[in-house]
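A.B. asks: Handing you this structure, nothing more for now.
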Amino acid sequence: MPRHPRDPLQRHRERHRTDRVGWLRAAVLGANDGIVSISGLVVGVAAAGAMPSTILMTGVAGLVAGAMSMAAGEYVSVQSQADAEAADVAVETRELREMPEGELAELTQIYVKRGLDPALARQVAEQLTAHDALEAHMRDELGITDALRARPVQAALASAAAFTVGALLPIATTLLAPPDRVALVTTVATLVGLLASGGLAARVGGAPVLRGAWRVGFWGAMAMAAAALVGRLFHVSV
């Protein structure tokens with residue numbers, strides 16, 4: 001029977017963003033790293049008095065190396081998480097096969113601790129076990145869900161792509177800024193880019209845009225200030 005147009009289930013639509021956690025984290029990290037690290041290279045080489053062609057070549061080389069490094073680092077780290085998840089699932093699969101009653105009692109106790117009375121908890125555990133025992137234990141015992149499972153390839157691609165996009169900002173300044181203003185223009189563009197990336201990430205993740213922009217911009221500025229301080233201590237322009 002078709003639902004009434006005013007059916008609450010039809011009108012109530014929720015938008016959840018937890019399924020974006022994996023790639024969003026990698027993308028934010030990659031974009032910020034691309035902006036800050038390549039800006040540091042460009043500013044450092046420009047301050048040393050290098051030719052515009054050398055500054056550009058340095059930025060492009062940093063982009064390629066950085067994107068590959070980010071992809072490899074994300075893949076290895078997230079794959080380690082995926083391996084740990086797979087090992088836990090294998091253990092759970094074996095225990096369900098060898099000790100089904102014990103696993104049912106364990107699932108029941110989980111629901112009791114979450115607020116169900118023992119009889120209802122047992123009933124819920126039995127029904128979920130009959131439907132898909134492994135899925136129930138993965139979700140409620142191990143905390144592994146499809147939305148939050150480790151996805152190494154997705155994380156690697158998101159990180160590398162975001163790093164590349166972020167790195168294009170300081171590289172663009174080497175092409176567009178006057179040769180004697182590359183360092184200044186790159187610094188200003190970097191701060192603007194960090195504010196924009198922070199605000200965009202916050203919007204995609206459902207957080208306040210201004211707070212996200214300020215957070216990323218602040219820590220990016222701190223990173224650049226730290227680099228400048230180190231350069232001043234060692235009498236090197238950065």
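Ligands are numbered from 1 in the order shown, chains are lettered A, B, ... in the order of the structure tokens, and residues start at 1 in each chain.
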I'd like the neighbourhood of Leu195 (chain A) as a compact mmCIF listing (two decimals) with C-alpha atoms, in the first residue's frame, where a residue qualifies if any of its atoms comes within 9 Å (using only C-alpha atoms), though same-chain residues fewer than 2 positions away should be ignored.
C.D. replies:
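Written output follows (out19.txt):
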```
# COMPACT_ATOMS: atom_id res chain seq x y z
CA THR A 190 48.85 30.01 1.14
CA LEU A 191 46.94 31.54 4.04
CA VAL A 192 43.92 32.21 1.81
CA GLY A 193 44.10 28.68 0.45
CA SER A 197 40.31 24.36 2.34
CA GLY A 198 39.40 24.41 6.02
CA GLY A 199 36.03 25.96 5.28
CA LEU A 200 35.32 23.51 2.45
CA LEU A 210 34.08 29.58 9.92
CA GLY A 212 36.88 24.93 10.22
CA ALA A 213 38.47 27.72 8.18
CA TRP A 214 39.94 29.37 11.27
CA ARG A 215 41.29 26.08 12.63
CA VAL A 216 43.12 25.13 9.44
CA GLY A 217 44.28 28.67 8.73
CA PHE A 218 45.61 29.13 12.26
CA GLY A 220 48.91 26.54 8.80
```
A.B. asks: For Ala133 (chain A), work out the shell of residues within 12 Å, counting only C-alpha atoms and skipping chain neighbours fewer than 6 positions away, then give it as a ChimeraX atom specification.
C.D. replies: /A:89,92-97,100-101,103-104,106-107,124-127,139-141
A.B. asks: Compile the contact shell of Val28 (chain A) as a PyMOL selection string: residues with an atom at most 10 Å away, counting only C-alpha atoms, same-chain residues fewer than 3 positions apart removed.
C.D. replies: chain A and resi 23-25+31-34+158-159+162-163+166+197-198+200-202+216
A.B. asks: Quick check, in Å to one decimal: how far apart do CA of Pro170 (chain A) and CA of Ala72 (chain A) lie?
C.D. replies: 22.7 Å
A.B. asks: State, in Å with one decimal place, the distance from CA of Val182 (chain A) to CA of Val42 (chain A).
C.D. replies: 8.0 Å
A.B. asks: I'd like to know which of A:Ala65, A:Val78, A:Val60, A:Met51 is closest to Ala156 (chain A), using only C-alpha atoms.
C.D. replies: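 The shortest atom-to-atom distance to Ala156 (chain A) comes from A:Val78.
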A.B. asks: Between CA of Asp146 (chain A) and CA of Ala87 (chain A), what is the spacing in Å?
C.D. replies: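 Atom-to-atom, CA of Ala87 (chain A) to CA of Asp146 (chain A), that is 16.1 Å.
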A.B. asks: Based on DSSP run over this structure's backbone, return all residues of region 94-228 of chain A in helix (DSSP H, G or I), as an NGL selection string.
C.D. replies: :A and (94-98 or 100-113 or 118-140 or 152-176 or 179-205 or 209-228)
A.B. asks: With only C-alpha atoms as the atoms that count, which of A:Thr187, A:Ala46, A:Ala161, A:Ser77 lies nearest to Val64 (chain A)?
C.D. replies: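 For Val64 (chain A), the nearest of the candidates is A:Ala161.
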